[in-house]
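Next comes start_35.cif, with mmCIF, C-alpha atoms.
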data_data
#
loop_
_atom_site.label_atom_id
_atom_site.label_comp_id
_atom_site.auth_asym_id
_atom_site.auth_seq_id
_atom_site.Cartn_x
_atom_site.Cartn_y
_atom_site.Cartn_z
CA MET A 1 22.25 27.98 -1.55
CA LEU A 2 18.90 29.49 -2.55
CA THR A 3 18.04 33.11 -2.14
CA ASP A 4 15.01 33.96 -0.01
CA GLN A 5 13.22 34.96 -3.22
CA GLU A 6 14.00 31.61 -4.93
CA ARG A 7 12.86 29.63 -1.90
CA ALA A 8 9.64 31.70 -1.73
CA HIS A 9 9.08 31.02 -5.44
CA LEU A 10 9.35 27.25 -4.89
CA GLU A 11 7.10 27.37 -1.82
CA GLU A 12 4.52 29.38 -3.78
CA HIS A 13 4.63 26.87 -6.63
CA ILE A 14 4.20 23.92 -4.25
CA ALA A 15 1.25 25.66 -2.57
CA HIS A 16 -0.76 25.35 -5.81
CA TYR A 17 -0.99 21.57 -5.38
CA PRO A 18 -3.25 19.66 -2.99
CA GLU A 19 -0.16 17.74 -1.79
CA LYS A 20 3.35 19.14 -1.44
CA ARG A 21 4.96 16.19 -3.18
CA ALA A 22 3.20 17.08 -6.44
CA GLY A 23 5.62 19.99 -6.82
CA ALA A 24 8.73 17.79 -6.63
CA ILE A 25 9.45 17.58 -10.36
CA TYR A 26 9.26 21.36 -10.76
CA CYS A 27 11.58 21.86 -7.79
CA LEU A 28 14.07 19.33 -9.12
CA TYR A 29 14.14 21.02 -12.54
CA PHE A 30 14.54 24.38 -10.84
CA MET A 31 17.58 23.12 -8.92
CA GLN A 32 19.03 21.55 -12.03
CA ASP A 33 18.62 24.79 -13.96
CA LYS A 34 20.35 26.68 -11.17
CA TYR A 35 23.31 24.35 -10.60
CA GLY A 36 23.59 22.33 -13.83
CA TYR A 37 22.61 19.14 -12.03
CA ILE A 38 20.85 18.16 -8.81
CA THR A 39 23.38 18.42 -6.00
CA LYS A 40 23.09 16.64 -2.65
CA PRO A 41 22.20 19.90 -0.85
CA SER A 42 19.58 20.60 -3.54
CA LEU A 43 18.11 17.15 -3.05
CA ASN A 44 17.92 17.72 0.70
CA LEU A 45 16.17 21.05 0.22
CA VAL A 46 13.61 19.62 -2.21
CA SER A 47 13.03 16.81 0.28
CA GLU A 48 12.36 19.38 2.99
CA LEU A 49 10.01 21.41 0.76
CA THR A 50 8.00 18.48 -0.60
CA ASP A 51 7.99 16.04 2.34
CA LEU A 52 9.45 13.34 0.10
CA SER A 53 12.53 11.41 1.22
CA THR A 54 15.76 11.79 -0.69
CA THR A 55 15.34 8.15 -1.75
CA GLN A 56 11.92 8.92 -3.25
CA LEU A 57 13.41 11.92 -5.04
CA ASP A 58 16.28 9.80 -6.37
CA GLU A 59 13.68 7.39 -7.73
CA LEU A 60 12.02 10.27 -9.58
CA ILE A 61 15.37 11.42 -10.96
CA THR A 62 16.13 7.89 -12.14
CA PHE A 63 12.75 7.68 -13.89
CA TYR A 64 12.89 11.09 -15.59
CA THR A 65 15.87 10.93 -17.94
CA LEU A 66 16.01 14.72 -18.33
CA LEU A 67 16.94 15.07 -14.64
CA ARG A 68 20.61 14.65 -13.71
CA ARG A 69 22.46 13.85 -10.48
CA ARG A 70 25.92 14.34 -12.01
CA PRO A 71 27.57 17.29 -13.75
CA VAL A 72 27.46 17.38 -17.55
CA GLY A 73 29.25 19.32 -20.25
CA ARG A 74 28.12 22.70 -21.53
CA ASN A 75 26.46 20.87 -24.43
CA VAL A 76 24.35 17.80 -23.68
CA MET A 77 23.46 15.42 -26.47
CA ARG A 78 20.84 12.80 -25.67
CA VAL A 79 20.81 9.95 -28.17
CA CYS A 80 17.72 7.77 -28.17
CA ASP A 81 18.42 4.09 -27.68
CA SER A 82 14.82 2.85 -27.50
CA ILE A 83 13.54 0.16 -29.83
CA SER A 84 12.85 2.28 -32.95
CA CYS A 85 16.23 3.97 -32.79
CA HIS A 86 18.01 0.79 -31.75
CA THR A 87 16.72 -1.13 -34.77
CA ARG A 88 17.87 1.68 -37.05
CA GLY A 89 21.45 1.82 -35.77
CA ALA A 90 21.54 3.77 -32.49
CA LYS A 91 24.16 1.40 -31.05
CA LYS A 92 26.64 2.29 -33.83
CA VAL A 93 25.80 5.99 -33.45
CA LEU A 94 26.52 5.84 -29.71
CA GLU A 95 29.77 3.95 -30.35
CA ALA A 96 30.77 6.65 -32.87
CA ALA A 97 30.14 9.30 -30.20
CA GLU A 98 32.38 7.46 -27.73
CA ASN A 99 35.10 7.07 -30.36
CA ALA A 100 34.90 10.71 -31.45
CA THR A 101 35.06 12.13 -27.94
CA GLY A 102 37.32 9.50 -26.41
CA LYS A 103 34.92 9.33 -23.46
CA ALA A 104 32.34 6.84 -22.30
CA LEU A 105 28.69 7.81 -22.51
CA GLY A 106 27.74 10.11 -19.65
CA GLU A 107 31.27 11.42 -19.16
CA ILE A 108 32.33 15.00 -19.85
CA VAL A 109 35.00 15.54 -22.52
CA ASN A 110 38.27 16.96 -21.24
CA ASP A 111 37.47 20.59 -22.08
CA GLY A 112 34.03 20.38 -20.46
CA SER A 113 32.18 21.13 -23.67
CA ILE A 114 30.17 17.97 -24.40
CA THR A 115 28.44 15.06 -22.69
CA VAL A 116 26.71 12.38 -24.76
CA LEU A 117 24.00 10.45 -22.95
CA PRO A 118 21.90 7.49 -24.05
CA SER A 119 18.25 8.35 -23.55
CA ILE A 120 15.01 6.48 -23.40
CA CYS A 121 12.56 7.42 -26.16
CA LEU A 122 12.72 11.04 -27.28
CA GLY A 123 9.49 10.68 -29.26
CA LEU A 124 11.31 11.13 -32.56
CA CYS A 125 10.69 7.63 -33.92
CA ASP A 126 9.97 8.94 -37.42
CA ARG A 127 13.56 10.28 -37.51
CA ALA A 128 15.27 7.28 -35.90
CA PRO A 129 17.96 7.13 -34.76
CA ALA A 130 17.56 10.56 -33.24
CA ALA A 131 19.19 12.92 -30.76
CA LEU A 132 18.21 15.98 -28.74
CA ILE A 133 20.94 18.55 -28.19
CA ASN A 134 20.66 21.04 -25.32
CA ASP A 135 16.93 20.34 -25.06
CA ASP A 136 16.23 22.54 -28.11
CA ARG A 137 17.91 21.05 -31.19
CA VAL A 138 16.68 17.85 -32.81
CA GLU A 139 18.86 15.73 -35.08
CA GLY A 140 17.44 12.71 -36.84
CA GLU A 141 18.41 9.90 -39.18
CA LEU A 142 21.79 9.73 -37.49
CA THR A 143 24.68 7.70 -38.80
CA PRO A 144 28.12 7.30 -37.24
CA GLU A 145 29.48 9.80 -39.78
CA ARG A 146 26.72 12.31 -39.05
CA MET A 147 27.33 11.92 -35.30
CA ARG A 148 30.99 12.81 -35.79
CA MET A 149 29.98 15.81 -37.92
CA ILE A 150 27.57 17.08 -35.25
CA LEU A 151 30.20 16.68 -32.52
CA THR A 152 32.66 18.57 -34.71
CA GLU A 153 30.10 21.37 -35.18
CA LEU A 154 29.60 21.59 -31.41
CA ALA A 155 33.36 21.77 -30.91
CA GLU A 156 33.63 24.54 -33.53
CA GLU A 157 30.84 26.47 -31.78
CA GLU A 158 32.85 26.15 -28.55
CA ILE A 159 35.88 27.64 -30.31
CA LYS A 160 33.80 30.61 -31.47
CA LEU A 161 32.38 31.17 -27.98
CA SER A 162 35.67 30.84 -26.16
CA GLU A 163 37.76 33.93 -25.45
CA LYS A 164 40.96 31.90 -25.40
CA PRO A 165 40.15 28.62 -27.12
CA ASP A 166 42.40 25.63 -26.68
CA TYR A 167 42.33 24.60 -30.33
CA GLN A 168 44.62 21.63 -29.87
CA ASN A 169 42.47 20.23 -27.07
CA ILE A 170 39.28 20.57 -29.09
CA ILE A 171 40.85 19.24 -32.28
CA SER A 172 42.42 16.28 -30.47
CA MET A 173 39.11 15.56 -28.76
CA LEU A 174 37.60 14.86 -32.18
CA THR A 175 40.58 13.08 -33.70
CA PRO A 176 40.83 9.30 -33.54
CA GLN A 177 43.53 8.20 -31.11
CA ASP A 178 45.54 6.47 -33.85
CA ALA A 179 45.75 9.56 -36.10
CA PRO A 180 47.83 12.64 -35.25
CA ALA A 181 45.95 15.88 -34.75
CA LYS A 182 46.30 18.29 -37.66
CA PRO A 183 45.71 21.97 -36.95
CA ASN A 184 43.69 23.92 -39.51
CA GLU A 185 45.80 25.81 -41.99
CA GLU A 186 44.91 29.43 -42.47
CA VAL A 187 44.35 30.65 -46.01
CA MET A 188 46.07 33.97 -46.69
#
Here is the file; what I need is its structure written in the form of structure tokens.
Amino acid sequence: MLTDQERAHLEEHIAHYPEKRAGAIYCLYFMQDKYGYITKPSLNLVSELTDLSTTQLDELITFYTLLRRRPVGRNVMRVCDSISCHTRGAKKVLEAAENATGKALGEIVNDGSITVLPSICLGLCDRAPAALINDDRVEGELTPERMRMILTELAEEEIKLSEKPDYQNIISMLTPQDAPAKPNEEVM
């Protein structure tokens, strides 16, 4: 699971605190960065390192919305649904995301490229409704149309990054179920 060097790194980090449990959040993020989400074996190891029970760690994960216990897509879009965003249309934006991807919030689209998650306050109230994509891209003043555009952009980026893209899968992912998928025509 962890290399000896990685385990030593976590133990060294924990040693900086007066109590082992103070290093739990760092350890959880470390595991998430390594595996994409916090696996059961990861949780057990962090429990062992920090002297916190797996139940206590699950409580931390539930509280900190940036920590995940389930796999997510290669792109993660967190859409704020707190009061400022909610009053400015976050519910319709989240519904547009579900309609565009054909998946419920928190689920991974069929090609594994995107997961849309509702999120408690992102601190972007001045841009409500707002989203954080891959923890480094902020999108604000979202509308259902803008949400669809952003999801389309993410799908197009996936096509560019893929060695053998499944264009039909990506195109159909972003096409409403009642409309047939139309492949892009190449201009000669």
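Using only C-alpha atoms, the smallest distance between any of A:Cys80, A:Cys85, A:Val138, A:Ala97 and Pro118 in chain A comes from A:Cys80.
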Kindly assemble as a tab-separated table a list of the range 48-156 of chain A residues that lie within 7 Å of range 13-27 of chain A, each paired with its nearest atom pair and their distance in Å to one decimal, using all atoms listed in the file, sorted first by chain and then by ascending residue number.
residue	atom	partner	partner_atom	distance
A:Thr50	CA	A:Arg21	CA	4.6
A:Asp51	CA	A:Arg21	CA	6.3
A:Leu52	CA	A:Arg21	CA	6.2
Translate the PyMOL selection byres ((chain A and resi 120-134) around 12), as applied to the file shown, into an explicit residue set as a PyMOL selection string.
chain A and resi 36+62-66+72-94+97+113-119+135-144+146-147+150-151+153-154
Length of the CA of Glu11 in chain A to CA of Ile38 in chain A vector [Å]
18.0 Å
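The closest residue to Glu95 in chain A, picked from A:Glu145, A:Asp111, A:Asp33, A:Glu156 and counting only C-alpha atoms, is A:Glu145.
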If the PyMOL selection byres ((chain A and resi 41) around 12) were run on this exact file, what residues would it hold? Put them as a list in words.
Met1, Leu2, Leu28, Met31, Gln32, Tyr35, Tyr37, Ile38, Thr39, Lys40, Ser42, Leu43, Asn44, Leu45, Val46, Ser47, Glu48, Thr54 and Arg69 of chain A
Mind giving me the straight-line distance from CA of Tyr29 in chain A to CA of Glu107 in chain A in Å, one decimal?
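We find that CA of Tyr29 in chain A and CA of Glu107 in chain A lie 20.7 Å from each other.
One finds CA of Gly112 in chain A at 16.6 Å from CA of Asn99 in chain A.
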